[in-house]
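Colleague: The structure file start_15.txt (compact mmCIF, C-alpha atoms) is provided below.
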```txt
# COMPACT_ATOMS: atom_id res chain seq x y z
CA MET V 97 27.11 12.45 -9.27
CA LEU V 98 27.63 8.71 -9.73
CA HIS V 99 31.12 9.25 -11.14
CA SER V 100 32.03 11.41 -8.14
CA ILE V 101 30.74 8.81 -5.66
CA GLN V 102 32.59 6.08 -7.56
CA GLU V 103 35.86 8.02 -7.57
CA TRP V 104 35.91 8.89 -3.86
CA THR V 105 34.69 5.43 -2.80
CA ILE V 106 37.49 3.73 -4.74
CA GLN V 107 40.00 6.20 -3.34
CA HIS V 108 38.95 5.51 0.26
CA ALA V 109 38.96 1.72 -0.25
CA GLN V 110 42.40 1.72 -1.86
CA GLU V 111 43.82 3.84 0.96
CA THR V 112 42.31 1.80 3.80
CA GLU V 113 41.84 -1.75 2.52
CA HIS V 114 43.59 -2.87 -0.67
CA VAL V 115 45.39 -1.00 -3.40
CA HIS V 116 43.62 -3.00 -6.15
CA TRP V 117 40.06 -2.50 -4.80
CA PHE V 118 37.71 -1.41 -7.60
CA MET V 119 34.03 -0.75 -8.21
CA ALA V 120 32.62 -0.23 -11.68
CA LEU V 121 29.84 2.30 -12.33
CA PRO V 122 27.20 -0.40 -13.12
CA GLU V 123 28.04 -2.02 -9.79
CA LEU V 124 27.39 1.27 -7.98
CA MET V 125 24.02 1.51 -9.74
CA ALA V 126 23.26 -2.06 -8.65
CA PHE V 127 24.18 -1.05 -5.10
CA ILE V 128 21.60 1.77 -5.27
CA GLU V 129 19.07 -0.75 -6.62
CA ILE V 130 19.50 -2.87 -3.49
CA VAL V 131 19.12 0.24 -1.31
CA ILE V 132 15.81 1.06 -3.04
CA LEU V 133 14.49 -2.51 -2.82
CA ARG V 134 15.31 -2.63 0.89
CA GLY V 135 12.92 0.31 1.31
CA LEU V 136 10.12 -1.60 -0.45
CA THR V 137 10.50 -4.88 1.45
CA LYS V 138 11.06 -4.29 5.16
CA VAL V 139 12.96 -7.07 6.97
CA PRO V 140 14.27 -7.17 10.55
CA SER V 141 17.97 -6.92 9.65
CA LEU V 142 20.31 -6.55 6.69
CA ARG V 143 21.27 -10.22 6.50
CA ASP V 144 17.59 -11.16 6.17
CA CYS V 145 17.57 -9.57 2.71
CA TRP V 146 19.74 -12.49 1.57
CA SER V 147 18.07 -15.20 3.69
CA ALA V 148 16.21 -18.13 2.17
CA ASN V 149 12.94 -17.36 3.96
CA LEU V 150 12.74 -13.53 4.00
CA GLY V 151 15.16 -12.62 1.23
CA ASN V 152 14.28 -10.75 -1.95
CA PRO V 153 15.19 -12.78 -5.09
CA HIS V 154 16.23 -9.62 -6.95
CA ILE V 155 18.62 -8.64 -4.16
CA ILE V 156 20.04 -12.16 -3.89
CA GLY V 157 20.66 -12.36 -7.62
CA THR V 158 22.19 -8.91 -7.92
CA MET V 159 25.03 -8.85 -5.40
CA PRO V 160 26.38 -10.94 -2.50
CA GLN V 161 25.83 -9.61 1.00
CA ASN V 162 29.57 -9.31 1.72
CA ARG V 163 30.11 -7.18 -1.38
CA PHE V 164 27.18 -4.91 -0.48
CA GLN V 165 28.57 -4.39 3.02
CA ASP V 166 32.03 -3.80 1.57
CA ILE V 167 30.75 -1.00 -0.69
CA MET V 168 28.69 0.49 2.16
CA ARG V 169 31.74 0.54 4.42
CA HIS V 170 33.80 2.52 1.88
CA LEU V 171 30.99 4.73 0.50
CA ARG V 172 32.28 8.32 0.34
CA PHE V 173 31.09 11.51 -1.38
CA ASP V 174 34.15 13.81 -1.32
CA ASP V 175 37.93 13.91 -1.20
CA ARG V 176 38.90 13.07 2.35
CA SER V 177 42.35 14.66 2.01
CA THR V 178 40.89 18.16 1.44
CA ARG V 179 37.79 17.87 3.63
CA SER V 180 39.31 19.49 6.72
CA ASP V 181 40.12 22.68 4.77
CA ARG V 182 36.69 22.84 3.16
CA ALA V 183 34.91 22.12 6.45
CA LYS V 184 36.21 25.40 7.89
CA THR V 185 33.80 27.32 5.66
CA ASP V 186 31.28 24.59 4.78
CA LYS V 187 29.78 22.33 7.46
CA PHE V 188 28.22 20.23 4.70
CA ALA V 189 31.61 19.62 3.04
CA ALA V 190 31.45 15.81 3.29
CA ILE V 191 28.62 15.68 0.72
CA SER V 192 28.11 19.26 -0.51
CA SER V 193 29.37 18.60 -4.06
CA VAL V 194 26.98 15.70 -4.73
CA TRP V 195 24.16 17.49 -2.91
CA GLY V 196 24.62 20.63 -5.01
CA SER V 197 24.38 18.61 -8.23
CA PHE V 198 21.23 16.91 -6.99
CA VAL V 199 19.53 20.22 -6.11
CA THR V 200 20.50 21.70 -9.49
CA ASN V 201 18.91 18.74 -11.26
CA CYS V 202 15.73 19.15 -9.22
CA ILE V 203 15.47 22.84 -10.14
CA THR V 204 16.13 22.44 -13.87
CA SER V 205 14.08 19.29 -14.52
CA TYR V 206 10.58 20.55 -13.68
CA ASN V 207 8.48 23.67 -14.13
CA PRO V 208 6.27 23.98 -11.01
CA GLY V 209 2.71 25.23 -11.04
CA LEU V 210 1.11 28.34 -9.59
CA HIS V 211 1.32 27.37 -5.91
CA ILE V 212 4.54 26.41 -4.10
CA THR V 213 4.65 25.41 -0.43
CA VAL V 214 7.66 26.16 1.80
CA ASP V 215 8.13 24.25 5.05
CA GLU V 216 10.66 22.23 7.04
CA GLN V 217 11.45 18.52 6.89
CA LEU V 218 13.15 16.61 9.71
CA PHE V 219 14.95 13.51 8.36
CA PRO V 220 15.15 11.11 11.34
CA SER V 221 18.74 10.42 12.37
CA LYS V 222 20.86 10.28 15.52
CA THR V 223 24.25 10.46 13.84
CA ARG V 224 26.91 12.71 15.35
CA CYS V 225 27.06 16.04 13.56
CA CYS V 226 27.14 19.67 14.65
CA PHE V 227 23.79 20.52 13.03
CA LEU V 228 21.65 17.70 14.42
CA GLN V 229 18.27 19.09 15.52
CA TYR V 230 15.88 18.20 18.33
CA ILE V 231 12.24 19.12 17.67
CA ALA V 232 9.87 17.92 20.38
CA THR V 233 6.75 18.25 18.22
CA LYS V 234 8.06 15.83 15.56
CA PRO V 235 7.41 12.08 15.83
CA ASP V 236 11.12 11.16 15.65
CA LYS V 237 12.41 14.11 17.73
CA PHE V 238 16.05 13.95 16.46
CA GLY V 239 17.18 14.45 12.88
CA ILE V 240 18.74 16.62 10.19
CA LYS V 241 16.51 19.53 9.20
CA PHE V 242 15.92 20.59 5.60
CA TRP V 243 14.05 23.59 4.23
CA VAL V 244 11.91 22.38 1.32
CA ALA V 245 10.01 24.13 -1.48
CA CYS V 246 7.44 21.75 -2.96
CA ASP V 247 4.96 22.03 -5.83
CA LEU V 248 1.44 21.83 -4.43
CA LYS V 249 -0.22 19.78 -7.19
CA SER V 250 2.40 17.12 -7.97
CA LYS V 251 4.39 17.19 -4.68
CA TYR V 252 7.57 17.59 -6.72
CA ILE V 253 10.52 18.81 -4.65
CA CYS V 254 11.54 22.02 -6.42
CA ASN V 255 14.34 23.17 -4.11
CA VAL V 256 15.80 22.07 -0.79
CA LEU V 257 18.37 23.50 1.63
CA PRO V 258 19.96 21.85 4.69
CA TYR V 259 19.87 23.74 7.97
CA LEU V 260 23.47 23.96 9.21
CA GLY V 261 23.07 26.34 12.15
CA LYS V 262 24.09 29.98 12.09
CA ASP V 263 24.96 31.12 8.56
CA PRO V 264 27.76 33.72 8.50
CA SER V 265 26.86 34.74 4.95
CA ARG V 266 23.36 35.89 5.98
CA PRO V 267 23.06 39.69 6.39
CA SER V 268 22.90 40.73 10.02
CA GLY V 269 19.59 42.58 9.70
CA GLU V 270 17.76 39.85 7.78
CA ARG V 271 15.59 37.27 9.48
CA LEU V 272 16.40 33.60 9.02
CA SER V 273 12.87 32.91 7.80
CA GLU V 274 13.05 35.58 5.10
CA ASN V 275 16.49 34.43 3.99
CA VAL V 276 15.31 30.83 3.67
CA VAL V 277 12.21 31.68 1.62
CA MET V 278 14.08 34.00 -0.74
CA ARG V 279 16.82 31.42 -1.34
CA LEU V 280 14.34 28.62 -1.96
CA MET V 281 12.18 30.72 -4.27
CA GLU V 282 15.02 32.42 -6.17
CA PRO V 283 14.81 30.15 -9.28
CA PHE V 284 11.00 30.59 -9.45
CA LEU V 285 10.57 34.33 -8.88
CA ASP V 286 9.27 36.87 -11.44
CA LYS V 287 6.77 34.31 -12.80
CA GLY V 288 3.58 35.34 -10.97
CA ARG V 289 3.57 32.37 -8.58
CA ASN V 290 2.28 32.21 -5.02
CA VAL V 291 4.17 30.77 -2.04
CA THR V 292 2.38 29.36 1.01
CA THR V 293 4.18 29.43 4.36
CA ASP V 294 3.45 28.87 8.03
CA ASN V 295 3.78 31.33 10.91
CA PHE V 296 7.55 30.79 11.22
CA PHE V 297 8.19 32.34 7.78
CA THR V 298 5.34 34.79 7.15
CA SER V 299 6.02 38.48 7.72
CA LEU V 300 5.08 41.79 6.12
CA SER V 301 8.67 42.55 5.10
CA LEU V 302 8.86 39.18 3.30
CA ALA V 303 5.61 39.99 1.51
CA HIS V 304 7.15 43.26 0.28
CA LYS V 305 10.28 41.48 -0.97
CA LEU V 306 8.33 38.81 -2.82
CA LEU V 307 5.88 41.32 -4.29
CA SER V 308 8.79 43.26 -5.77
CA ARG V 309 9.72 40.03 -7.60
CA LYS V 310 6.18 39.44 -8.92
CA THR V 311 5.45 36.73 -6.35
CA THR V 312 2.66 36.70 -3.78
CA ILE V 313 2.57 35.10 -0.33
CA LEU V 314 -0.15 33.45 1.70
CA GLY V 315 0.46 32.25 5.23
CA THR V 316 -0.41 32.32 8.88
CA VAL V 317 1.17 34.98 11.09
CA ASN V 318 2.29 34.58 14.68
CA LYS V 319 0.25 36.85 16.95
CA ILE V 320 3.42 38.25 18.56
CA ARG V 321 4.66 39.71 15.25
CA ARG V 322 4.98 43.46 15.15
CA GLU V 323 2.84 43.55 12.00
CA ILE V 324 -0.27 42.59 13.99
CA PRO V 325 -2.17 45.77 14.98
CA GLN V 326 -2.98 46.24 18.64
CA SER V 327 -6.68 46.33 17.84
CA ALA V 328 -6.44 42.83 16.34
CA ARG V 329 -4.65 41.19 19.26
CA HIS V 330 -7.57 40.77 21.61
CA THR V 331 -8.71 37.15 21.74
CA ASP V 332 -12.23 37.56 23.11
CA ARG V 333 -14.05 37.39 19.77
CA ASN V 334 -17.38 35.95 18.82
CA GLU V 335 -17.27 32.61 17.08
CA PHE V 336 -16.95 32.66 13.24
CA THR V 337 -16.24 36.38 13.05
CA THR V 338 -13.75 38.00 10.67
CA GLN V 339 -11.80 41.24 10.90
CA VAL V 340 -9.74 42.59 7.98
CA PHE V 341 -6.74 44.95 7.99
CA SER V 342 -5.09 46.06 4.78
CA THR V 343 -2.03 47.93 3.54
CA THR V 344 -0.81 48.78 0.07
CA ALA V 345 1.04 45.43 -0.23
CA ALA V 346 -0.94 42.88 1.79
CA THR V 347 -4.15 42.08 3.60
CA LEU V 348 -4.37 40.67 7.13
CA THR V 349 -7.38 38.51 8.02
CA ALA V 350 -8.21 37.79 11.66
CA TYR V 351 -10.64 34.88 11.83
CA ALA V 352 -12.07 33.29 14.99
CA PRO V 353 -12.89 29.58 14.38
CA LYS V 354 -14.01 29.36 18.03
CA ARG V 355 -14.11 31.53 21.10
CA LYS V 356 -10.76 32.72 22.48
CA LYS V 357 -8.89 31.51 19.43
CA THR V 358 -7.90 33.72 16.50
CA VAL V 359 -6.12 32.76 13.28
CA TYR V 360 -4.16 35.47 11.44
CA ILE V 361 -3.69 35.08 7.67
CA LEU V 362 -1.45 37.44 5.72
CA SER V 363 -2.03 37.54 1.97
CA SER V 364 -0.59 39.68 -0.79
CA MET V 365 -2.71 38.01 -3.49
CA HIS V 366 -6.12 39.02 -2.07
CA SER V 367 -7.29 42.61 -2.27
CA VAL V 368 -10.91 41.76 -1.40
CA ILE V 369 -11.84 39.37 1.41
CA GLN V 370 -15.06 37.41 0.97
CA THR V 371 -16.72 34.92 3.34
CA ASP V 372 -18.61 31.82 2.25
CA ASN V 373 -22.27 31.19 2.98
CA THR V 374 -21.74 28.23 5.32
CA THR V 375 -22.22 28.20 9.07
CA LYS V 376 -18.54 28.86 9.79
CA ARG V 377 -18.41 31.83 7.37
CA LYS V 378 -14.77 31.21 6.46
CA PRO V 379 -12.93 33.96 4.55
CA ASN V 380 -11.51 33.07 1.15
CA THR V 381 -7.98 33.56 2.49
CA VAL V 382 -8.48 30.88 5.15
CA THR V 383 -10.07 28.51 2.63
CA LEU V 384 -7.21 28.92 0.15
CA TYR V 385 -4.58 28.53 2.86
CA ASN V 386 -6.14 25.26 4.05
CA THR V 387 -5.97 24.02 0.46
CA THR V 388 -2.37 25.03 -0.25
CA LYS V 389 -0.61 24.50 3.11
CA CYS V 390 -0.15 20.71 2.85
CA GLY V 391 2.42 20.41 0.04
CA VAL V 392 5.55 19.62 2.06
CA ASP V 393 3.70 17.57 4.69
CA VAL V 394 2.16 15.28 2.06
CA MET V 395 5.52 15.00 0.30
CA ASP V 396 7.20 13.97 3.56
CA GLN V 397 4.47 11.39 4.16
CA MET V 398 4.94 9.95 0.65
CA VAL V 399 8.71 9.76 1.08
CA ARG V 400 8.42 7.98 4.44
CA GLU V 401 6.14 5.29 2.99
CA TYR V 402 8.96 3.69 0.96
CA THR V 403 11.98 5.29 2.61
CA VAL V 404 15.41 3.69 2.20
CA ARG V 405 16.49 5.03 5.60
CA THR V 406 18.25 2.57 7.85
CA GLY V 407 20.58 2.78 10.83
CA THR V 408 23.93 4.47 10.20
CA ARG V 409 26.58 6.26 12.25
CA ARG V 410 27.73 8.55 9.43
CA TRP V 411 25.62 11.63 8.72
CA PRO V 412 26.66 11.87 5.00
CA VAL V 413 25.12 8.43 4.48
CA ALA V 414 21.92 9.62 6.22
CA VAL V 415 21.80 12.60 3.84
CA PHE V 416 22.44 10.20 0.93
CA TYR V 417 19.41 8.15 2.00
CA ASN V 418 17.25 11.28 2.04
CA MET V 419 18.61 12.21 -1.38
CA ILE V 420 17.58 8.83 -2.81
CA ASP V 421 14.10 9.17 -1.30
CA MET V 422 13.62 12.61 -2.82
CA ALA V 423 15.10 11.62 -6.18
CA ALA V 424 12.81 8.58 -6.41
CA LEU V 425 9.73 10.70 -5.67
CA ASN V 426 10.76 13.35 -8.22
CA ALA V 427 11.51 10.65 -10.81
CA HIS V 428 7.99 9.24 -10.38
CA VAL V 429 6.46 12.71 -10.87
CA LEU V 430 8.56 13.32 -13.99
CA TYR V 431 7.74 9.88 -15.40
CA GLN V 432 3.99 10.48 -15.09
CA ALA V 433 4.28 14.02 -16.49
CA CYS V 434 6.31 12.90 -19.51
CA THR V 435 4.39 9.72 -20.38
CA GLY V 436 0.90 10.85 -19.33
CA ARG V 437 0.34 7.50 -17.59
CA GLN V 438 -0.71 6.99 -13.97
CA GLU V 439 1.34 4.28 -12.28
CA ARG V 440 1.57 3.18 -8.68
CA ARG V 441 4.74 4.45 -7.07
CA VAL V 442 5.66 1.03 -5.71
CA ASP V 443 5.51 -0.46 -9.22
CA PHE V 444 7.56 2.41 -10.57
CA LEU V 445 10.22 1.93 -7.86
CA VAL V 446 10.51 -1.79 -8.61
CA GLU V 447 10.97 -1.11 -12.32
CA LEU V 448 13.40 1.72 -11.58
CA ALA V 449 15.49 -0.61 -9.40
CA ARG V 450 15.58 -3.25 -12.13
CA GLU V 451 16.73 -0.75 -14.74
CA LEU V 452 19.46 0.51 -12.42
CA ALA V 453 20.86 -3.03 -12.07
CA ASN V 454 20.34 -4.03 -15.70
CA SER V 455 23.89 -3.16 -16.88
CA HIS V 456 25.48 -4.90 -13.90
CA MET V 457 23.36 -8.05 -14.39
CA CYS V 458 24.21 -8.22 -18.11
CA ALA V 459 27.92 -7.86 -17.37
CA LYS V 460 27.65 -10.48 -14.62
CA ALA V 461 25.94 -12.95 -16.98
CA ALA V 462 28.56 -12.30 -19.68
CA ARG V 463 31.40 -13.01 -17.24
CA LYS V 464 29.70 -16.21 -16.10
CA GLU V 465 29.24 -17.39 -19.69
CA GLN V 466 32.85 -16.58 -20.49
CA LEU V 467 33.98 -18.60 -17.48
CA LEU V 468 31.88 -21.57 -18.59
CA ARG V 469 33.28 -21.33 -22.11
CA THR V 470 36.85 -21.46 -20.85
CA GLN V 471 36.37 -24.72 -18.92
CA PRO V 472 37.37 -27.91 -20.86
CA SER V 473 34.71 -29.49 -23.05
CA THR V 474 35.31 -32.84 -21.32
CA PRO V 475 36.97 -33.63 -17.97
CA ASN V 476 40.37 -35.24 -17.77
CA PRO V 477 40.48 -38.90 -18.95
CA GLY V 478 38.98 -41.14 -16.33
CA LYS V 479 37.45 -38.17 -14.43
CA ARG V 480 33.92 -36.86 -14.13
CA ALA V 481 32.94 -33.26 -13.32
CA MET V 482 30.25 -32.16 -10.88
CA TYR V 483 26.97 -31.37 -12.62
CA GLN V 484 26.11 -27.65 -13.06
CA VAL V 485 22.41 -27.75 -14.00
CA LYS V 486 20.66 -29.25 -10.91
CA HIS V 487 17.37 -29.73 -12.70
CA GLN V 488 16.26 -33.30 -11.87
CA CYS V 489 19.16 -34.63 -9.82
CA LYS V 490 20.94 -33.85 -6.57
CA ASN V 491 24.48 -35.24 -6.55
CA ASN V 492 25.34 -36.55 -10.00
CA HIS V 493 28.51 -36.23 -12.07
CA ALA V 494 28.80 -35.49 -15.79
CA THR V 495 31.26 -35.77 -18.64
CA VAL V 496 29.45 -33.73 -21.35
CA ARG V 497 28.61 -30.02 -21.58
CA CYS V 498 25.44 -28.39 -22.94
CA VAL V 499 25.98 -26.99 -26.43
CA HIS V 500 24.22 -23.71 -25.55
CA CYS V 501 25.13 -22.73 -21.95
CA TYR V 502 28.38 -24.78 -21.70
CA ARG V 503 27.46 -26.30 -18.32
CA TYR V 504 28.22 -29.90 -17.44
CA THR V 505 24.96 -31.85 -17.67
CA CYS V 506 24.17 -35.33 -16.40
CA GLY V 507 21.88 -37.81 -18.12
CA LYS V 508 18.82 -36.93 -16.03
CA CYS V 509 19.08 -33.22 -16.79
CA ARG V 510 19.67 -33.41 -20.53
CA ARG V 511 16.96 -32.87 -23.12
CA GLU V 512 16.16 -35.64 -25.59
CA ILE V 513 16.50 -34.55 -29.23
CA PRO V 514 14.50 -36.68 -31.72
CA TRP V 515 16.07 -38.15 -34.85
CA GLN V 516 15.63 -35.71 -37.76
CA CYS V 517 16.60 -35.64 -41.41
CA GLN V 518 18.58 -32.86 -43.05
CA ASP V 519 15.43 -31.27 -44.52
CA CYS V 520 13.76 -30.87 -41.11
CA LYS V 521 16.18 -28.72 -39.12
```
Take the structure in the file and write it out as structure tokens.

Modeller:
Amino acid sequence: MLHSIQEWTIQHAQETEHVHWFMALPELMAFIEIVILRGLTKVPSLRDCWSANLGNPHIIGTMPQNRFQDIMRHLRFDDRSTRSDRAKTDKFAAISSVWGSFVTNCITSYNPGLHITVDEQLFPSKTRCCFLQYIATKPDKFGIKFWVACDLKSKYICNVLPYLGKDPSRPSGERLSENVVMRLMEPFLDKGRNVTTDNFFTSLSLAHKLLSRKTTILGTVNKIRREIPQSARHTDRNEFTTQVFSTTAATLTAYAPKRKKTVYILSSMHSVIQTDNTTKRKPNTVTLYNTTKCGVDVMDQMVREYTVRTGTRRWPVAVFYNMIDMAALNAHVLYQACTGRQERRVDFLVELARELANSHMCAKAARKEQLLRTQPSTPNPGKRAMYQVKHQCKNNHATVRCVHCYRYTCGKCRREIPWQCQDCK
């Protein structure tokens, strides 16, 4: 993925700015490090990241602000010359190649547990694109919608699909909700897992499809669905009462948490419905659903806490920000699973950012040392060079270099070496 981003970014810069523009792979990784650190330390504007008062020392020492903005301006994820042809059949063409590699890595890197939650995620953005969504019930209203399958226990993002509007490849008789769940769960079917969904996805036909692939479903059902029997649709029920309807594949539970309100739960993993001994007398299907329904919502909350999202006018960059957020969360889950250590996510992100920029910083230090080595050991006769240490002086000149770092050093900034004999090196 990094090589692809590097290739298309260089191509765009050489076509639009300068033919000799170049960006090495370690520099791209350092660029991502700055993007991650900007999500950890919130400042009013981009230039404040490099300011003396609000700036982050790691960001200041990694890359100049002008270079960061230069890379951001040319950041591309595909071949622009062939994009128009690919966009005729793929609305996600501007980033689909990198996105596909990211999703493949998410699927193959982790083995999820028994319960997987499927829900939607709205990544806040107001960029111009044909699949921008408006959802009035969301806090940010506008954004790019993603369908997400998330592991309940670890909140690992197992699979994710962007919503691009009407899909011509979807069979005409198949519901969108069923198509989404089957595509998200395809790598994890036939393993005896359970998927938890909300009333947008849950249906009896979906339960039959999943059960044929050794996967059960648990979710709320909209009361207007055809699967709901007429006898179960009346709302005037006594408080804390339960009514059960069953077929060969699934069980429908109608539970009244209060008067004139009924919750319908469809489950293909429960053959017997039991109620607890508390005052509310909740069925076991309702209790399990309340436990397993929060996977994607908690994941979205965790991602937003340290999100790298910032203002942009290009929707591929907005998707790239969401990709970094998801990748950082998945990396933290994998790190804890592989090492067995519990570490705060903010500490992990700081260390991750440092490791991303490590190669670039080493190369930068080597170039600086090489430049200092190439300068003359002493200035021209009768001349003095500006000091390069700035330890105990402000505006001195020097004629001698340090024997270790090769910087010109004045008398105030040099270290006194005591007189020693040959035996006491």

Colleague: Counting only C-alpha atoms, give me one row per residue of stretch 274-311 of chain V with an atom at most 12 Å from an atom of stretch 212-221 of chain V, showing the shortest contact pair and its distance in Å to one decimal, sorted by chain then residue number, as a tab-separated table.

Modeller:
```
residue	atom	partner	partner_atom	distance
V:Glu274	CA	V:Val214	CA	11.3
V:Val276	CA	V:Val214	CA	9.2
V:Val277	CA	V:Val214	CA	7.2
V:Met278	CA	V:Val214	CA	10.4
V:Arg279	CA	V:Val214	CA	11.0
V:Leu280	CA	V:Val214	CA	8.1
V:Met281	CA	V:Ile212	CA	8.8
V:Phe284	CA	V:Ile212	CA	9.4
V:Leu285	CA	V:Ile212	CA	11.0
V:Lys287	CA	V:Ile212	CA	12.0
V:Gly288	CA	V:Ile212	CA	11.3
V:Arg289	CA	V:Ile212	CA	7.5
V:Asn290	CA	V:Ile212	CA	6.3
V:Val291	CA	V:Ile212	CA	4.8
V:Thr292	CA	V:Thr213	CA	4.8
V:Thr293	CA	V:Val214	CA	5.4
V:Asp294	CA	V:Asp215	CA	7.2
V:Asn295	CA	V:Asp215	CA	10.2
V:Phe296	CA	V:Asp215	CA	9.0
V:Phe297	CA	V:Asp215	CA	8.5
V:Thr298	CA	V:Val214	CA	10.4
V:Thr311	CA	V:Ile212	CA	10.6
```

Colleague: Need the shell around V:Ser342: protein/DNA/RNA residues with any atom at most 9 Å away, counting all atoms listed in the file. Skip same-chain ones fewer than 6 positions apart. Format as a PyMOL selection string?

Modeller: chain V and resi 348-349+367

Colleague: Calculate how many Å separate atom CA of V:Asp166 from atom CA of V:Cys458, rounding to one decimal.

Modeller: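 According to the coordinates, atom CA of V:Asp166 and atom CA of V:Cys458 are separated by 21.6 Å.
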
Colleague: For the atom pair atom CA of V:Thr371 and atom CA of V:Thr337, what is the interatomic distance in Å to one decimal place?

Modeller: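 Pair atom CA of V:Thr371 / atom CA of V:Thr337 returns 9.8 Å.
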
Colleague: Smallest atom-to-atom distance to V:Thr408: which of V:Met168, V:Cys501, V:Ala433, V:Leu314, using all atoms listed in the file?

Modeller: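 Nearest to V:Thr408: V:Met168.
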
Colleague: Which residues are close to V:Ile155, i.e. within 6 Å by only C-alpha atoms, leaving aside same-chain residues fewer than 3 positions away? Reply as number ranges by chain.

Modeller: V: 130, 152, 158

Colleague: Which neighbours of V:Arg441 fall inside 12 Å, counting all atoms listed in the file, when residues of the same chain fewer than 6 positions from it are skipped, and could you give them as a list in words?

Modeller: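 Here the qualifying residues turn out to be Leu136, Met398, Val399, Glu401, Tyr402, Asp421, Ala424, Leu425, Asn426, Ala427, His428, Val429, Leu430, Tyr431, Gln432, Glu447 and Leu448 of chain V.
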
Colleague: Identify, on the basis of only C-alpha atoms, every residue whose closest approach to stretch 410-417 of chain V does not exceed 12 Å; exclude the query and any residue fewer than 6 positions from it along the same chain; express the result as an mmCIF file with C-alpha atoms, in the coordinates of the input.

Modeller:
```cif
data_model
loop_
_atom_site.group_PDB
_atom_site.id
_atom_site.type_symbol
_atom_site.label_atom_id
_atom_site.label_comp_id
_atom_site.auth_asym_id
_atom_site.auth_seq_id
_atom_site.Cartn_x
_atom_site.Cartn_y
_atom_site.Cartn_z
ATOM 1 C CA MET V 97 27.110 12.450 -9.270
ATOM 2 C CA LEU V 98 27.630 8.710 -9.730
ATOM 3 C CA ILE V 101 30.740 8.810 -5.660
ATOM 4 C CA ILE V 128 21.600 1.770 -5.270
ATOM 5 C CA VAL V 131 19.120 0.240 -1.310
ATOM 6 C CA ILE V 132 15.810 1.060 -3.040
ATOM 7 C CA ARG V 134 15.310 -2.630 0.890
ATOM 8 C CA GLY V 135 12.920 0.310 1.310
ATOM 9 C CA MET V 168 28.690 0.490 2.160
ATOM 10 C CA ARG V 169 31.740 0.540 4.420
ATOM 11 C CA HIS V 170 33.800 2.520 1.880
ATOM 12 C CA LEU V 171 30.990 4.730 0.500
ATOM 13 C CA ARG V 172 32.280 8.320 0.340
ATOM 14 C CA PHE V 173 31.090 11.510 -1.380
ATOM 15 C CA ASP V 174 34.150 13.810 -1.320
ATOM 16 C CA LYS V 187 29.780 22.330 7.460
ATOM 17 C CA PHE V 188 28.220 20.230 4.700
ATOM 18 C CA ALA V 189 31.610 19.620 3.040
ATOM 19 C CA ALA V 190 31.450 15.810 3.290
ATOM 20 C CA ILE V 191 28.620 15.680 0.720
ATOM 21 C CA SER V 192 28.110 19.260 -0.510
ATOM 22 C CA SER V 193 29.370 18.600 -4.060
ATOM 23 C CA VAL V 194 26.980 15.700 -4.730
ATOM 24 C CA TRP V 195 24.160 17.490 -2.910
ATOM 25 C CA PHE V 198 21.230 16.910 -6.990
ATOM 26 C CA LEU V 218 13.150 16.610 9.710
ATOM 27 C CA PHE V 219 14.950 13.510 8.360
ATOM 28 C CA PRO V 220 15.150 11.110 11.340
ATOM 29 C CA SER V 221 18.740 10.420 12.370
ATOM 30 C CA LYS V 222 20.860 10.280 15.520
ATOM 31 C CA THR V 223 24.250 10.460 13.840
ATOM 32 C CA ARG V 224 26.910 12.710 15.350
ATOM 33 C CA CYS V 225 27.060 16.040 13.560
ATOM 34 C CA CYS V 226 27.140 19.670 14.650
ATOM 35 C CA PHE V 227 23.790 20.520 13.030
ATOM 36 C CA LEU V 228 21.650 17.700 14.420
ATOM 37 C CA GLY V 239 17.180 14.450 12.880
ATOM 38 C CA ILE V 240 18.740 16.620 10.190
ATOM 39 C CA LYS V 241 16.510 19.530 9.200
ATOM 40 C CA PHE V 242 15.920 20.590 5.600
ATOM 41 C CA LEU V 257 18.370 23.500 1.630
ATOM 42 C CA PRO V 258 19.960 21.850 4.690
ATOM 43 C CA VAL V 399 8.710 9.760 1.080
ATOM 44 C CA ARG V 400 8.420 7.980 4.440
ATOM 45 C CA TYR V 402 8.960 3.690 0.960
ATOM 46 C CA THR V 403 11.980 5.290 2.610
ATOM 47 C CA VAL V 404 15.410 3.690 2.200
ATOM 48 C CA ALA V 423 15.100 11.620 -6.180
ATOM 49 C CA ALA V 424 12.810 8.580 -6.410
#
```

Colleague: I'd like to know which of V:Lys234, V:Lys310, V:His493, V:Lys460 is closest to V:Gly157, using only C-alpha atoms.

Modeller: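 Among V:Lys234, V:Lys310, V:His493, V:Lys460, it is V:Lys460 that comes nearest to V:Gly157.
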
Colleague: Would you work out the distance separating atom CA of V:Pro267 from atom CA of V:Ser299, expressed in Å to one decimal?

Modeller: 17.1 Å

Colleague: Tell me which of V:Glu451, V:Asp175, V:Asp144, V:Asp186 sits closest to V:Glu111, counting only C-alpha atoms.

Modeller: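 That would be V:Asp175, the residue with the smallest distance to V:Glu111.
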
Colleague: Might you pull out every residue within 9 Å of V:Gln370, with all atoms listed in the file counted and same-chain residues fewer than 5 positions away left off, and present them as a count of residues only?

Modeller: 4

Colleague: If I put a ball of radius 12 Å at (36.0, -1.8, -12.0) in the file's coordinates, which residues poke into it when counting only C-alpha atoms, written as a count of residues only?

Modeller: 15

Colleague: From the options V:Ala126, V:Cys517, V:Met419, V:Ile369, which residue's atoms come nearest to V:Ile253, counting only C-alpha atoms?

Modeller: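 Closest residue, counting only C-alpha atoms: V:Met419.
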
Colleague: May I have the protein, DNA and RNA residues with any atom at most 6 Å from the point (-1.2, 39.8, 19.3), counting only C-alpha atoms, written as a PDB file with C-alpha atoms, keeping the file's coordinate frame?

Modeller:
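Output file selection21.pdb is given in full below:
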```
ATOM      1  CA  LYS V 319       0.250  36.850  16.950  1.00  0.00           C
ATOM      2  CA  ILE V 320       3.420  38.250  18.560  1.00  0.00           C
ATOM      3  CA  ARG V 329      -4.650  41.190  19.260  1.00  0.00           C
TER       4      ARG V 329
END
```
